[in-house]
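query_34.tsv follows; it contains TSV, C-alpha atoms and all ligand atoms.
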chain	number	residue	atom	x	y	z
A	12	MET	CA	113.82	79.84	57.13
A	13	GLY	CA	116.01	81.52	54.52
A	14	LYS	CA	115.74	84.79	56.36
A	15	GLY	CA	117.78	86.88	58.72
A	16	GLU	CA	117.65	84.38	61.61
A	17	ILE	CA	118.10	86.20	64.88
A	18	ALA	CA	119.04	83.70	67.57
A	19	VAL	CA	117.12	85.52	70.30
A	20	ASP	CA	113.70	84.83	71.79
A	21	PHE	CA	111.76	88.02	72.39
A	22	PHE	CA	108.62	88.77	74.43
A	23	ASP	CA	107.43	92.37	74.28
A	24	LEU	CA	104.81	93.50	76.80
A	25	HIS	CA	103.82	96.70	75.02
A	26	CYS	CA	103.71	98.38	71.63
A	27	ASP	CA	101.22	100.75	70.00
A	28	THR	CA	101.89	99.56	66.45
A	29	VAL	CA	98.34	98.46	65.60
A	30	SER	CA	96.92	101.83	66.68
A	31	GLU	CA	99.59	103.52	64.56
A	32	CYS	CA	98.90	101.28	61.54
A	33	VAL	CA	95.20	102.13	61.70
A	34	LYS	CA	95.85	105.85	62.09
A	35	ALA	CA	98.39	106.01	59.24
A	36	GLU	CA	96.67	103.32	57.11
A	37	LYS	CA	99.74	101.14	57.10
A	38	SER	CA	100.18	97.40	56.89
A	39	LEU	CA	101.26	95.40	59.92
A	40	TYR	CA	103.19	93.07	57.61
A	41	ARG	CA	105.59	95.60	56.16
A	42	ASN	CA	105.85	99.24	57.14
A	43	ASP	CA	108.29	101.97	58.09
A	44	LEU	CA	107.21	101.99	61.75
A	45	HIS	CA	109.18	100.56	64.70
A	46	LEU	CA	107.74	97.13	64.18
A	47	ASP	CA	106.36	94.98	61.40
A	48	LEU	CA	105.78	91.25	61.06
A	49	LYS	CA	108.51	90.82	58.47
A	50	ARG	CA	111.23	92.12	60.79
A	51	GLY	CA	109.78	90.61	63.97
A	52	THR	CA	109.54	87.06	62.63
A	53	GLU	CA	113.30	86.97	62.14
A	54	TYR	CA	113.51	86.29	65.88
A	55	HIS	CA	113.40	82.65	66.94
A	56	LYS	CA	110.36	82.87	69.18
A	57	TRP	CA	108.47	86.13	69.27
A	58	VAL	CA	105.56	87.03	71.51
A	59	GLN	CA	104.23	90.53	70.93
A	60	THR	CA	101.62	92.41	72.95
A	61	PHE	CA	99.65	94.79	70.75
A	62	ALA	CA	97.99	97.54	72.77
A	63	PHE	CA	95.01	99.52	71.57
A	64	TRP	CA	95.75	103.02	72.76
A	65	MET	CA	92.76	105.09	73.87
A	66	PRO	CA	93.64	108.81	73.92
A	67	ASP	CA	92.37	110.80	76.92
A	68	THR	CA	91.21	113.50	74.53
A	69	LEU	CA	88.42	111.27	73.18
A	70	ASP	CA	85.20	110.86	75.13
A	71	GLU	CA	84.39	107.39	76.42
A	72	GLU	CA	82.10	106.27	73.62
A	73	ALA	CA	84.52	107.59	71.00
A	74	GLN	CA	87.23	105.51	72.69
A	75	TYR	CA	84.99	102.47	72.57
A	76	ALA	CA	84.32	103.07	68.86
A	77	LEU	CA	88.06	103.46	68.23
A	78	PHE	CA	88.73	100.17	70.00
A	79	GLN	CA	86.17	98.42	67.79
A	80	LYS	CA	87.75	99.95	64.70
A	81	GLU	CA	91.29	98.94	65.68
A	82	LEU	CA	90.19	95.46	66.71
A	83	ALA	CA	88.48	94.97	63.33
A	84	ALA	CA	91.66	96.14	61.58
A	85	PHE	CA	93.71	93.70	63.64
A	86	ARG	CA	91.33	90.84	62.77
A	87	GLY	CA	91.85	91.83	59.12
A	88	PHE	CA	95.64	91.52	59.51
A	89	GLU	CA	95.13	88.20	61.27
A	90	THR	CA	93.07	86.58	58.53
A	91	ASP	CA	95.50	87.90	55.95
A	92	GLY	CA	98.09	85.16	56.43
A	93	ASP	CA	99.32	82.55	58.89
A	94	ILE	CA	101.86	84.63	60.77
A	95	LEU	CA	99.69	85.99	63.59
A	96	ILE	CA	98.83	83.36	66.18
A	97	PRO	CA	97.12	84.03	69.52
A	98	TYR	CA	99.58	83.32	72.33
A	99	ARG	CA	98.38	80.63	74.73
A	100	GLY	CA	101.71	79.49	76.11
A	101	ARG	CA	103.41	78.12	73.02
A	102	ALA	CA	105.28	80.27	70.54
A	103	PRO	CA	106.14	78.57	67.24
A	104	MET	CA	109.43	79.68	65.63
A	105	HIS	CA	109.30	82.62	63.21
A	106	LYS	CA	105.66	83.44	63.84
A	107	CYS	CA	104.14	86.35	65.72
A	108	SER	CA	102.44	84.92	68.79
A	109	TYR	CA	100.36	87.80	70.06
A	110	LEU	CA	98.58	89.11	73.12
A	111	LEU	CA	96.14	92.04	73.04
A	112	ALA	CA	95.93	94.90	75.51
A	113	VAL	CA	93.90	98.03	76.03
A	114	GLU	CA	95.77	101.15	77.15
A	115	GLY	CA	93.30	103.48	78.84
A	116	ALA	CA	90.14	101.95	80.31
A	117	GLY	CA	87.89	104.98	79.67
A	118	LEU	CA	86.36	102.94	76.84
A	119	LEU	CA	84.39	100.99	79.47
A	120	GLY	CA	82.08	104.00	79.63
A	121	GLY	CA	81.08	103.16	83.19
A	122	ARG	CA	79.97	99.64	82.18
A	123	LEU	CA	81.51	96.65	83.94
A	124	ASP	CA	79.95	94.27	81.40
A	125	ARG	CA	82.33	95.61	78.78
A	126	LEU	CA	85.17	93.82	80.60
A	127	LYS	CA	83.66	90.51	79.61
A	128	GLU	CA	83.45	91.78	76.07
A	129	LEU	CA	87.15	92.75	76.17
A	130	LYS	CA	88.05	89.32	77.49
A	131	GLN	CA	86.04	87.64	74.75
A	132	ALA	CA	87.83	89.82	72.20
A	133	GLY	CA	91.12	88.41	73.52
A	134	VAL	CA	92.30	91.31	75.68
A	135	SER	CA	94.80	90.11	78.31
A	136	PHE	CA	96.16	93.32	79.86
A	137	LEU	CA	94.20	96.44	80.80
A	138	THR	CA	96.07	99.68	81.52
A	139	LEU	CA	93.64	101.54	83.77
A	140	THR	CA	94.50	105.05	82.56
A	141	TRP	CA	96.69	106.90	80.16
A	142	ASN	CA	98.37	110.04	81.57
A	143	GLY	CA	95.12	111.87	82.35
A	144	GLU	CA	92.29	111.16	84.75
A	145	ASN	CA	89.32	109.01	83.74
A	146	ARG	CA	86.27	107.50	85.40
A	147	ILE	CA	88.51	104.79	86.87
A	148	ALA	CA	91.67	106.38	88.27
A	149	GLY	CA	94.33	109.07	87.81
A	150	GLY	CA	97.21	108.86	85.36
A	151	ALA	CA	100.76	110.09	85.96
A	152	GLY	CA	99.91	113.55	84.64
A	153	SER	CA	96.88	114.05	86.87
A	154	ASN	CA	95.84	114.21	90.52
A	155	GLY	CA	93.01	111.75	90.04
A	156	THR	CA	92.41	108.83	92.40
A	157	LEU	CA	90.89	105.36	92.14
A	158	THR	CA	87.12	105.78	92.09
A	159	ALA	CA	84.50	103.40	93.48
A	160	PHE	CA	83.82	102.34	89.90
A	161	GLY	CA	87.58	101.93	89.36
A	162	ALA	CA	87.77	99.55	92.33
A	163	GLU	CA	84.91	97.53	90.77
A	164	VAL	CA	86.83	97.49	87.47
A	165	VAL	CA	89.88	96.01	89.21
A	166	ARG	CA	87.77	93.29	90.87
A	167	GLU	CA	85.78	92.44	87.75
A	168	ALA	CA	88.88	92.42	85.51
A	169	GLU	CA	90.48	89.93	87.89
A	170	ARG	CA	87.30	87.85	87.82
A	171	GLN	CA	87.41	87.85	84.03
A	172	GLY	CA	91.09	86.87	83.99
A	173	ILE	CA	92.29	90.20	82.63
A	174	VAL	CA	95.58	91.33	84.20
A	175	ILE	CA	95.65	94.91	85.54
A	176	ASP	CA	98.42	97.05	84.05
A	177	VAL	CA	99.57	99.81	86.45
A	178	SER	CA	101.82	101.64	83.98
A	179	HIS	CA	100.65	105.27	83.57
A	180	LEU	CA	98.93	105.39	86.99
A	181	ASN	CA	99.94	108.18	89.37
A	182	ARG	CA	101.38	107.12	92.74
A	183	LYS	CA	98.18	107.59	94.71
A	184	SER	CA	96.08	105.53	92.31
A	185	PHE	CA	98.76	102.82	92.28
A	186	TRP	CA	98.57	102.35	96.05
A	187	GLN	CA	94.78	102.42	95.98
A	188	VAL	CA	94.85	99.67	93.35
A	189	CYS	CA	97.11	97.70	95.71
A	190	ASN	CA	94.37	97.83	98.34
A	191	VAL	CA	91.87	96.27	95.96
A	192	ALA	CA	93.91	93.89	93.77
A	193	ARG	CA	94.02	90.25	94.82
A	194	ARG	CA	96.02	88.92	91.90
A	195	PRO	CA	99.52	89.83	90.68
A	196	PHE	CA	99.55	92.79	88.31
A	197	ILE	CA	101.89	94.12	85.71
A	198	ALA	CA	103.60	97.38	84.80
A	199	THR	CA	103.97	96.72	81.08
A	200	HIS	CA	106.15	99.70	80.17
A	201	SER	CA	107.71	101.56	83.11
A	202	ASN	CA	111.26	102.00	84.44
A	203	ALA	CA	112.81	102.81	87.83
A	204	ASP	CA	112.75	106.43	88.94
A	205	LYS	CA	115.76	105.86	91.21
A	206	ILE	CA	117.83	105.67	88.02
A	207	CYS	CA	115.84	108.11	85.89
A	208	PRO	CA	113.46	110.36	87.84
A	209	HIS	CA	110.18	110.68	85.94
A	210	PRO	CA	106.53	110.52	87.05
A	211	ARG	CA	105.99	107.63	84.58
A	212	ASN	CA	108.73	105.58	86.23
A	213	LEU	CA	108.23	103.45	89.34
A	214	SER	CA	109.45	104.40	92.82
A	215	GLY	CA	111.56	101.95	94.82
A	216	GLU	CA	108.52	101.16	97.01
A	217	GLN	CA	106.38	100.43	93.97
A	218	VAL	CA	109.06	98.13	92.57
A	219	LYS	CA	109.22	96.28	95.90
A	220	GLU	CA	105.43	95.95	95.99
A	221	ILE	CA	105.20	94.53	92.46
A	222	ILE	CA	107.96	92.02	93.24
A	223	SER	CA	106.33	90.91	96.50
A	224	ARG	CA	103.05	90.31	94.66
A	225	GLY	CA	104.69	88.17	91.99
A	226	GLY	CA	104.04	90.79	89.31
A	227	LEU	CA	105.97	91.76	86.22
A	228	ILE	CA	107.72	94.95	85.08
A	229	GLY	CA	108.48	95.71	81.42
A	230	LEU	CA	111.47	97.98	80.75
A	231	ASN	CA	110.53	100.86	78.45
A	232	LEU	CA	112.97	102.03	75.74
A	233	TYR	CA	111.67	105.62	75.56
A	234	PRO	CA	114.78	107.82	76.07
A	235	ALA	CA	113.02	110.21	78.49
A	236	PHE	CA	112.36	107.26	80.85
A	237	LEU	CA	115.99	106.08	80.60
A	238	SER	CA	118.03	109.22	80.95
A	239	SER	CA	117.59	112.87	81.80
A	240	GLU	CA	120.28	113.63	79.21
A	241	GLU	CA	119.11	114.14	75.66
A	242	ASP	CA	121.39	111.45	74.31
A	243	CYS	CA	120.40	108.18	75.93
A	244	LYS	CA	122.89	105.35	75.71
A	245	SER	CA	122.66	101.59	76.03
A	246	SER	CA	124.45	101.97	79.37
A	247	ASP	CA	121.35	103.81	80.69
A	248	PHE	CA	119.31	100.72	79.85
A	249	LEU	CA	121.90	98.46	81.51
A	250	ARG	CA	121.83	100.64	84.65
A	251	GLN	CA	118.09	100.11	84.86
A	252	ILE	CA	118.62	96.37	84.71
A	253	GLU	CA	121.34	96.53	87.34
A	254	TYR	CA	119.01	98.46	89.65
A	255	PHE	CA	116.15	95.99	89.22
A	256	LEU	CA	118.42	92.99	89.75
A	257	ASP	CA	119.79	94.56	92.95
A	258	ALA	CA	116.18	95.15	94.04
A	259	GLY	CA	115.47	91.43	93.69
A	260	ALA	CA	113.53	91.60	90.41
A	261	ALA	CA	115.47	88.90	88.51
A	262	GLU	CA	112.25	86.95	88.00
A	263	CYS	CA	109.96	89.96	87.59
A	264	LEU	CA	111.78	91.90	84.90
A	265	ALA	CA	110.83	91.89	81.22
A	266	ILE	CA	110.66	94.26	78.25
A	267	GLY	CA	107.85	96.61	77.23
A	268	THR	CA	109.40	98.53	74.36
A	269	ASP	CA	106.69	101.15	73.71
A	270	PHE	CA	107.39	100.76	69.97
A	271	ASP	CA	105.25	103.16	67.94
A	272	GLY	CA	103.99	104.74	71.13
A	273	ALA	CA	107.15	106.73	71.87
A	274	ALA	CA	110.38	107.92	70.24
A	275	MET	CA	113.20	105.38	70.42
A	276	PRO	CA	116.91	105.90	71.21
A	277	LYS	CA	119.05	106.63	68.15
A	278	TRP	CA	120.69	103.22	68.47
A	279	ILE	CA	117.38	101.38	68.19
A	280	ASN	CA	115.45	101.97	64.98
A	281	GLY	CA	112.86	99.37	65.77
A	282	ILE	CA	112.40	95.71	66.56
A	283	GLU	CA	115.52	94.72	64.62
A	284	GLY	CA	117.52	96.62	67.29
A	285	ILE	CA	116.43	94.27	70.08
A	286	GLU	CA	119.10	91.78	69.04
A	287	ILE	CA	121.97	94.14	69.82
A	288	LEU	CA	120.31	95.17	73.08
A	289	ALA	CA	119.90	91.52	74.09
A	290	LEU	CA	123.54	90.82	73.23
A	291	SER	CA	124.73	93.68	75.42
A	292	VAL	CA	122.65	92.29	78.29
A	293	VAL	CA	124.22	88.86	77.72
A	294	LYS	CA	127.65	90.47	77.84
A	295	TRP	CA	127.02	92.33	81.12
A	296	PHE	CA	124.71	90.02	83.03
A	297	GLY	CA	125.11	86.62	81.37
A	298	GLU	CA	122.90	84.51	79.18
A	299	THR	CA	120.53	83.23	81.89
A	300	ILE	CA	119.54	86.71	83.06
A	301	ALA	CA	119.24	87.97	79.48
A	302	ASN	CA	116.93	85.09	78.53
A	303	GLN	CA	114.82	85.72	81.62
A	304	ILE	CA	114.42	89.43	80.85
A	305	PHE	CA	113.88	89.17	77.10
A	306	TYR	CA	111.59	86.14	77.19
A	307	GLY	CA	111.34	83.68	80.07
A	308	ASN	CA	109.96	85.85	82.87
A	309	ALA	CA	107.02	87.01	80.74
A	310	VAL	CA	106.30	83.43	79.64
A	311	ARG	CA	106.23	82.24	83.25
A	312	PHE	CA	104.09	85.18	84.36
A	313	CYS	CA	101.52	84.31	81.70
A	314	GLU	CA	101.51	80.65	82.75
A	315	ARG	CA	101.19	81.52	86.42
A	316	VAL	CA	98.77	84.44	86.26
A	317	LEU	CA	97.14	84.94	82.86
A	318	PHE	CA	96.44	81.38	81.75
A	319	ALA	CA	95.85	80.11	85.29
A	320	ALA	CA	93.17	82.73	86.03
A	321	HIS	CA	90.15	80.71	85.03
A	322	GLU	CA	91.39	77.39	86.32
A	323	THR	CA	92.30	78.51	89.81
A	324	GLY	CA	89.85	81.33	90.48
A	325	CYS	CA	90.78	84.67	91.94
A	326	GLU	CA	91.27	83.74	95.57
A	327	SER	CA	93.96	81.12	95.18
A	328	TYR	CA	96.98	83.31	94.58
A	401	ZN	ZN	101.91	104.05	77.28
I need this file expressed as structure tokens, please.
Amino acid sequence: MGKGEIAVDFFDLHCDTVSECVKAEKSLYRNDLHLDLKRGTEYHKWVQTFAFWMPDTLDEEAQYALFQKELAAFRGFETDGDILIPYRGRAPMHKCSYLLAVEGAGLLGGRLDRLKELKQAGVSFLTLTWNGENRIAGGAGSNGTLTAFGAEVVREAERQGIVIDVSHLNRKSFWQVCNVARRPFIATHSNADKICPHPRNLSGEQVKEIISRGGLIGLNLYPAFLSSEEDCKSSDFLRQIEYFLDAGAAECLAIGTDFDGAAMPKWINGIEGIEILALSVVKWFGETIANQIFYGNAVRFCERVLFAAHETGCESY
């Protein structure tokens, strides 16, 4: 390809780069953010989930309008070259195979029919809340609970083949979602609170539950979710992996960087830093585990849950 050539396959379950590009009027192709297409396509295979972040501070219809605006901007980037390709199970080398996600389901505005609209727009993952409380459930910074409408959202999202993302939910809402969900769900960008106590990280019981349901957990690179010290090191990331592997998550663990949604450790400027992180995981845990975490587990989850949704129906899993 005549470019940097990074011999790593990378599947990222979460970044807020498109929202950031729209806000700061930057290009997705080349920018000074954590991620751009020029740097990302140096990886062999690259699947990137772009989340549209809906701030709690906006009212529901303003969130919906923001989603439309960001989606239109993304479509503009997409038609602007041949690098962005919707991910349907195959990731060509040195392209950006993408998935779309919505982070904060307040944009539904109380309307279940908007889930169909999201699906038709290509949305694969739906984070029910951000840190606050909305009409659906309570985020990690609130005391909210899953509402009757929220339970309907979970059921209808599953019917539409949209995977529920439980990152950002508070504990109570998480367990209420468990009572309603019939299909495996995902925590796109959350770590283990046994290693780094934080309300945004998952408890041991939550980790066990996600594993037993055949779900997926994306490790977040935000320093505050990795270490209570100010200076977070790569060993903090490796300790998270060690914990998850001991908990039996070898096939449920992936990466959800939170690029452009959170500050990054000093040793990771952006997507180019994933290579060194992957190499340290190879060194400590071996190549098979590293490949599973950085790529393979997410691929298999999509095959089993996301792409199978319409073929098998909701009851079969
Ligand atoms: Zn987030």
Task: 12 Å contact set for region 250-252 of chain A, all atoms listed in the file, chain neighbours under 4 positions out, as number ranges by chain - done: A: 201-208, 212-213, 228-232, 236-238, 243-246, 256-266, 288-289, 291-293, 295-296, 300-301, 303-305
Residue contacts of Leu46 (chain A) (12 Å, only C-alpha atoms) excluding same-chain residues fewer than 4 positions away, as a PDB file with C-alpha atoms, in the coordinates of the input:
ATOM      1  CA  ASP A  23     107.430  92.370  74.280  1.00  0.00           C
ATOM      2  CA  HIS A  25     103.820  96.700  75.020  1.00  0.00           C
ATOM      3  CA  CYS A  26     103.710  98.380  71.630  1.00  0.00           C
ATOM      4  CA  ASP A  27     101.220 100.750  70.000  1.00  0.00           C
ATOM      5  CA  THR A  28     101.890  99.560  66.450  1.00  0.00           C
ATOM      6  CA  VAL A  29      98.340  98.460  65.600  1.00  0.00           C
ATOM      7  CA  GLU A  31      99.590 103.520  64.560  1.00  0.00           C
ATOM      8  CA  CYS A  32      98.900 101.280  61.540  1.00  0.00           C
ATOM      9  CA  LYS A  37      99.740 101.140  57.100  1.00  0.00           C
ATOM     10  CA  SER A  38     100.180  97.400  56.890  1.00  0.00           C
ATOM     11  CA  LEU A  39     101.260  95.400  59.920  1.00  0.00           C
ATOM     12  CA  TYR A  40     103.190  93.070  57.610  1.00  0.00           C
ATOM     13  CA  ARG A  41     105.590  95.600  56.160  1.00  0.00           C
ATOM     14  CA  ASN A  42     105.850  99.240  57.140  1.00  0.00           C
ATOM     15  CA  ARG A  50     111.230  92.120  60.790  1.00  0.00           C
ATOM     16  CA  GLY A  51     109.780  90.610  63.970  1.00  0.00           C
ATOM     17  CA  THR A  52     109.540  87.060  62.630  1.00  0.00           C
ATOM     18  CA  GLU A  53     113.300  86.970  62.140  1.00  0.00           C
ATOM     19  CA  GLN A  59     104.230  90.530  70.930  1.00  0.00           C
ATOM     20  CA  THR A  60     101.620  92.410  72.950  1.00  0.00           C
ATOM     21  CA  PHE A  61      99.650  94.790  70.750  1.00  0.00           C
ATOM     22  CA  CYS A 107     104.140  86.350  65.720  1.00  0.00           C
ATOM     23  CA  THR A 268     109.400  98.530  74.360  1.00  0.00           C
ATOM     24  CA  ASP A 269     106.690 101.150  73.710  1.00  0.00           C
ATOM     25  CA  PHE A 270     107.390 100.760  69.970  1.00  0.00           C
ATOM     26  CA  ASP A 271     105.250 103.160  67.940  1.00  0.00           C
ATOM     27  CA  GLY A 272     103.990 104.740  71.130  1.00  0.00           C
ATOM     28  CA  MET A 275     113.200 105.380  70.420  1.00  0.00           C
ATOM     29  CA  ILE A 279     117.380 101.380  68.190  1.00  0.00           C
ATOM     30  CA  ASN A 280     115.450 101.970  64.980  1.00  0.00           C
ATOM     31  CA  GLY A 281     112.860  99.370  65.770  1.00  0.00           C
ATOM     32  CA  ILE A 282     112.400  95.710  66.560  1.00  0.00           C
ATOM     33  CA  GLU A 283     115.520  94.720  64.620  1.00  0.00           C
ATOM     34  CA  GLY A 284     117.520  96.620  67.290  1.00  0.00           C
ATOM     35  CA  ILE A 285     116.430  94.270  70.080  1.00  0.00           C
TER      36      ILE A 285
END
Task: Spatial neighbours of region 178-189 of chain A, 7 Å, all atoms listed in the file, chain gap at least 5 places, as a ChimeraX atom specification - done: /A:138,140-142,148-151,156-157,198-201,211
Quick one: axis-aligned box around all listed atoms of region 245-263 of chain A, 3 Å on every side, centre and edge lengths in Å to one decimal, written as JSON.
{"center_x": 117.2, "center_y": 95.4, "center_z": 85.0, "size_x": 20.5, "size_y": 22.9, "size_z": 24.0}
TODO: Name the closest residue to ligand ZN 401 (chain A) among the candidates A:Ala274, A:Ala18, A:Ile221, A:Val165; distances are taken between atoms, counting all atoms listed in the file.
DONE: A:Ala274
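Here CA of Leu227 (chain A) is placed at a distance of 4.7 Å from CA of Ile197 (chain A).
Using only C-alpha atoms and all ligand atoms, the smallest distance between any of A:Ala192, A:Leu118, A:Leu137, A:Ile173 and ligand ZN 401 (chain A) comes from A:Leu137.
Our summary of the geometry notes that CA of Pro66 (chain A) is positioned 9.1 Å from CA of Gly143 (chain A).
In this structure, CA of Asn145 (chain A) sits 10.4 Å away from CA of Thr68 (chain A).
With distances taken over all atoms listed in the file, A:Glu114 is the one residue among A:Glu81, A:Glu216, A:Asp43, A:Glu114 lying closest to ligand ZN 401 (chain A).
Comparing A:Ala168, A:Ala83, A:Phe63, A:His105 by their smallest distance to ligand ZN 401 (chain A), the closest is A:Phe63 (using all atoms listed in the file).
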Open item on the list: Give me, as a ChimeraX atom specification, all polymer residues having an atom no more than 10 Å from Val134 (chain A), counting all atoms listed in the file and skipping those fewer than 5 positions away in the same chain.
Closed with: /A:60-63,110-113,126-129,172-174
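With distances taken over all atoms listed in the file, A:Asp176 is the one residue among A:Asp176, A:Cys313, A:Ser223, A:Gly297 lying closest to ligand ZN 401 (chain A).
Minimum atom-to-atom distances from A:Ala132, A:Leu139, A:Val164, A:Leu119 to ligand ZN 401 (chain A) were compared using only C-alpha atoms and all ligand atoms, and the lowest value belongs to A:Leu139.
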TODO: Using only C-alpha atoms, determine which residues lie at most 8 Å from Arg146 (chain A), disregarding the query and same-chain residues fewer than 6 positions distant; provide the list as a VMD selection string.
DONE: chain A and resid 117 120 to 121 158 160 to 161
